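Peer 1: Just passing along the structure, written as structure tokens.
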Amino acid sequence: MVGKVDTAAPKVLMVAFHFPPQAGSSGIQRTLRFAQYLPDSGWQPLVLSAHPRAYAATGMDQMTEADALHVTRAFALDSARHLALRGRYLGWTALPDRWVTWCLGAVPAGLRLIRRERPRVLWSTYPIASAHLIGAILHKLSGLPWVADLRDPMIDDVHPRGRLPRAAAAWVERLAVRRAARLVCTTPGALRSYRARYPDVPPERFCLIENGYDEQDFAAAEAQPRSAPVPGPFVLLHSGIVYPSERDPRPLLSALAHLKRAGHVDAARLRLVLRAPVHEELLRNLAREHGIEDMVAIAPPLPYRAALAEMLAADGLLLLQAANCNHQVPAKLYEYLRAARPLLALTDAAGDTAAALRAAGIDTIAPLEDAGAIAVALPHFLQRARAGRAPLAPPEVRQAHARSQRSRLLAALFDEVGTEAAMPGTGAPPR
């Protein structure tokens, strides 16, 4: 049973910026589902998050689930919105990120929680560096063993941009690597990257706990009433943010324009739906420039379970991931696998995303940056999907990616570091 709490169980303080009512980021699911499932493995979660004012967009569709948990929301501002004058703000107010003011509220709030609730373990999660900065400070002040959920690499060849933001992120990363008892990555590539970058750190301190999907959410989505199928174009759905660089849509739209001119596709046969892509104006302009605005629909965000229901009903699902993110896997991939719909992945064959797909038996993959390759792969994919021959992940593979399974791994990690903290001389990092 999800969320059944044993009041005598040990507690973990979970520092997470991405949490309901934030909207527009799949990142909230990791912390929310961990917090819901950890009690099943003997741990009570205490969530320390940010005041909702810090979020650029909010939604109430998952607040019932969040309200059932022990959640503390600390003071936080977004420098770009709350500390800006005429659209400009001082750069130091956004180091290591735009939400650094969260530290001012979260550190005292975290210390109060530690004194009152006496957690045994501290956990913080990326993708904003301030979460790990808070984790480092609370670890230093309390002595609690700290698990840093690094997820993806905090720095890579292109991110963050700018000398000072990059230096600040690298500093926070070093704090985490040197001080945390365990460092959790979400992909094998990120794990290898960190071990290579810090060869003096014992490799066993770096662990792998991938993202996943929640079966209860999918069961609820499957239970929603569905309209009867209506004849129309093949609907190819991309659900989530379309980043101009990391998920560059230009080659795809160029390929669609080429296929349309050649008479292979048109609005009567194919409709590309970009759901909640964030960069709407860029995408509309690109579609118009390529003459395919009749084939491309820019759709607004949906409540989470409604978005899952849309995936379940789509004729095909589209995944975008650039080669500069080869050590990352979009969290959306695991939901796509669970939806069991034909999946076209535009990503580098050498990256972790392609490897995860191949491990699931999915071979409908083409390079994101190559419009010519996409123009070949897309008609082939459509043909296989329409004929019912597109590969789908088998049930046992899908079940292995359930969030409940990932939460058991995290609980086992807390068991380890909690035991180590109680046993001097176990090789835990210095405080």
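Every chain in the structure tokens has a letter given in the order shown (A, B, ...), and although residue numbers restart at 1 in each chain, ligands are simply numbered from 1 in the order shown.
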How close does region 132-238 of chain A get to region 327-341 of chain A? List, as a Markdown table, each residue of region 132-238 of chain A within 9 Å, its nearest atom pair and the distance in Å to one decimal, counting only C-alpha atoms.

Peer 2:
```
| residue | atom | partner | partner_atom | distance |
| --- | --- | --- | --- | --- |
| A:Arg151 | CA | A:Gln328 | CA | 8.5 |
| A:Asp152 | CA | A:Gln328 | CA | 6.0 |
| A:Pro153 | CA | A:His327 | CA | 7.6 |
| A:Thr186 | CA | A:Gln328 | CA | 7.6 |
| A:Thr187 | CA | A:Gln328 | CA | 6.2 |
| A:Pro188 | CA | A:His327 | CA | 7.3 |
| A:Gly189 | CA | A:His327 | CA | 4.4 |
| A:Ala190 | CA | A:His327 | CA | 5.1 |
| A:Leu191 | CA | A:His327 | CA | 8.5 |
| A:Arg192 | CA | A:His327 | CA | 8.9 |
| A:Ser193 | CA | A:His327 | CA | 7.9 |
| A:Glu210 | CA | A:Ala331 | CA | 8.8 |
| A:Asn211 | CA | A:Ala331 | CA | 5.8 |
| A:Gly212 | CA | A:Tyr334 | CA | 5.1 |
| A:Tyr213 | CA | A:Glu335 | CA | 5.3 |
| A:Asp214 | CA | A:Glu335 | CA | 8.2 |
| A:Glu215 | CA | A:Arg338 | CA | 8.5 |
| A:Phe218 | CA | A:Ala339 | CA | 8.0 |
```

Peer 1: Using DSSP on the backbone coordinates, identify all residues within region 117-337 of chain A classified as strand (DSSP E or B); present the result as a ChimeraX atom specification.

Peer 2: /A:121-125,146-151,182-185,206-208,213,234-239,270-275,296-299,316-321

Peer 1: One number please: CA of Val235 (chain A) to CA of Ala57 (chain A), in Å, one decimal.

Peer 2: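 Spanning CA of Val235 (chain A) to CA of Ala57 (chain A) is a straight-line distance of 27.1 Å.
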
Peer 1: Which residues, written as a PyMOL selection string, have at least one atom at most 10 Å from Ala219 (chain A), with only C-alpha atoms counted and residues fewer than 6 positions away on the same chain left out?

Peer 2: chain A and resi 305+308-309

Peer 1: Among region 255-407 of chain A, which ones does DSSP place in alpha helix (DSSP H), written as an NGL selection string?

Peer 2: :A and (255-261 or 280-289 or 304-313 or 332-339 or 352-359 or 371-386 or 395-400 or 403-407)

Peer 1: Which residues are near Ala131 (chain A)? Cut-off 9 Å, only C-alpha atoms, ignore same chain within fewer than 6 positions. Put them as a list in words.

Peer 2: Val15, Ala16, Phe17, Val100, Trp102, Cys103, Ser124 and Thr125 of chain A

Peer 1: I need the chosen residues saved as a CSV table (one decimal), in the first residue's frame, with N, CA and C atoms.

Peer 2:
```csv
chain,number,residue,atom,x,y,z
A,15,VAL,N,15.3,17.0,0.5
A,15,VAL,CA,15.4,18.4,0.0
A,15,VAL,C,15.2,18.4,-1.5
A,16,ALA,N,14.1,19.0,-1.9
A,16,ALA,CA,13.7,18.9,-3.3
A,16,ALA,C,13.0,20.2,-3.7
A,17,PHE,N,13.5,20.9,-4.7
A,17,PHE,CA,12.8,22.1,-5.3
A,17,PHE,C,11.6,21.7,-6.1
A,100,VAL,N,18.6,30.6,-5.6
A,100,VAL,CA,19.6,30.5,-4.5
A,100,VAL,C,19.0,31.1,-3.2
A,102,TRP,N,16.3,30.4,-2.0
A,102,TRP,CA,15.7,29.2,-1.2
A,102,TRP,C,16.6,28.8,-0.1
A,103,CYS,N,17.9,28.9,-0.2
A,103,CYS,CA,18.8,28.6,0.9
A,103,CYS,C,18.5,29.4,2.1
A,124,SER,N,19.2,15.1,-0.9
A,124,SER,CA,18.9,16.2,-1.7
A,124,SER,C,19.0,15.8,-3.2
A,125,THR,N,18.2,16.5,-4.0
A,125,THR,CA,18.1,16.1,-5.4
A,125,THR,C,18.2,17.3,-6.3
```

Peer 1: Using only C-alpha atoms, find the one residue out of A:Leu253, A:Ile241, A:Leu319, A:Val265 that sits nearest to Asn285 (chain A).

Peer 2: A:Leu253

Peer 1: For region 97-149 of chain A against region 26-50 of chain A, with a cut-off of 10 Å and counting only C-alpha atoms, what is the closest atom pair and its distance in Å to one decimal for every residue that makes the cut, ordered by chain and number, as a Markdown table?

Peer 2:
```
| residue | atom | partner | partner_atom | distance |
| --- | --- | --- | --- | --- |
| A:Trp99 | CA | A:Ala50 | CA | 9.2 |
| A:Thr101 | CA | A:Ala50 | CA | 9.9 |
| A:Trp102 | CA | A:Ala50 | CA | 6.6 |
| A:Cys103 | CA | A:Ala50 | CA | 9.5 |
| A:Gly105 | CA | A:Ala50 | CA | 8.4 |
| A:Ala106 | CA | A:Leu48 | CA | 7.2 |
| A:Val107 | CA | A:Leu48 | CA | 9.7 |
| A:Ala109 | CA | A:Leu48 | CA | 8.0 |
| A:Gly110 | CA | A:Leu48 | CA | 7.0 |
| A:Leu113 | CA | A:Leu46 | CA | 8.3 |
| A:Ile114 | CA | A:Leu46 | CA | 9.7 |
| A:Glu117 | CA | A:Leu46 | CA | 8.6 |
| A:Pro119 | CA | A:Leu46 | CA | 8.2 |
| A:Arg120 | CA | A:Trp43 | CA | 9.6 |
| A:Val121 | CA | A:Trp43 | CA | 9.9 |
| A:Leu122 | CA | A:Leu46 | CA | 9.6 |
| A:Trp123 | CA | A:Val47 | CA | 9.5 |
| A:Ser124 | CA | A:Leu48 | CA | 9.3 |
| A:Thr125 | CA | A:Thr31 | CA | 8.0 |
| A:Tyr126 | CA | A:Gly27 | CA | 8.9 |
| A:Pro127 | CA | A:Gly27 | CA | 7.9 |
| A:Ala131 | CA | A:Ser49 | CA | 9.0 |
```

Peer 1: Neighbouring residues of Ala136 (chain A) were defined as those with any atom within 8 Å, considering only C-alpha atoms; residues of the same chain fewer than 3 positions away were excluded. Please report them as a list in words.

Peer 2: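 Counting only the stated atoms, we get His132, Leu133, His139, Lys140, Trp146, Leu175, Ala176, Arg179 and Ala180 of chain A.
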
Peer 1: Using N, CA and C atoms, can you write the selected residues to a file as a PDB file, in the first residue's frame?

Peer 2:
```
ATOM      1  N   HIS A 132      21.458  20.961  -3.598  1.00  0.00           N
ATOM      2  CA  HIS A 132      22.644  20.319  -3.035  1.00  0.00           C
ATOM      3  C   HIS A 132      23.420  21.267  -2.125  1.00  0.00           C
ATOM      4  N   LEU A 133      23.347  22.558  -2.388  1.00  0.00           N
ATOM      5  CA  LEU A 133      23.985  23.516  -1.482  1.00  0.00           C
ATOM      6  C   LEU A 133      23.297  23.464  -0.118  1.00  0.00           C
ATOM      7  N   HIS A 139      24.038  19.099   6.180  1.00  0.00           N
ATOM      8  CA  HIS A 139      24.951  18.013   6.555  1.00  0.00           C
ATOM      9  C   HIS A 139      26.057  18.533   7.472  1.00  0.00           C
ATOM     10  N   LYS A 140      26.638  19.671   7.117  1.00  0.00           N
ATOM     11  CA  LYS A 140      27.728  20.247   7.909  1.00  0.00           C
ATOM     12  C   LYS A 140      27.255  20.626   9.308  1.00  0.00           C
ATOM     13  N   TRP A 146      24.587  12.114   4.361  1.00  0.00           N
ATOM     14  CA  TRP A 146      23.938  12.810   3.236  1.00  0.00           C
ATOM     15  C   TRP A 146      24.019  11.956   1.977  1.00  0.00           C
ATOM     16  N   LEU A 175      31.407  19.948  -3.641  1.00  0.00           N
ATOM     17  CA  LEU A 175      30.910  19.808  -2.276  1.00  0.00           C
ATOM     18  C   LEU A 175      30.181  18.482  -2.094  1.00  0.00           C
ATOM     19  N   ALA A 176      29.292  18.189  -3.043  1.00  0.00           N
ATOM     20  CA  ALA A 176      28.501  16.966  -2.958  1.00  0.00           C
ATOM     21  C   ALA A 176      29.392  15.731  -3.043  1.00  0.00           C
ATOM     22  N   ARG A 179      31.577  15.336   0.159  1.00  0.00           N
ATOM     23  CA  ARG A 179      30.952  15.254   1.467  1.00  0.00           C
ATOM     24  C   ARG A 179      29.843  14.216   1.584  1.00  0.00           C
ATOM     25  N   ALA A 180      29.172  13.888   0.497  1.00  0.00           N
ATOM     26  CA  ALA A 180      28.031  12.979   0.581  1.00  0.00           C
ATOM     27  C   ALA A 180      28.486  11.534   0.771  1.00  0.00           C
TER      28      ALA A 180
END
```

Peer 1: Separation of CA of Ile292 (chain A) and CA of Ala257 (chain A), in Å?

Peer 2: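 CA of Ile292 (chain A) sits 6.2 Å away from CA of Ala257 (chain A).
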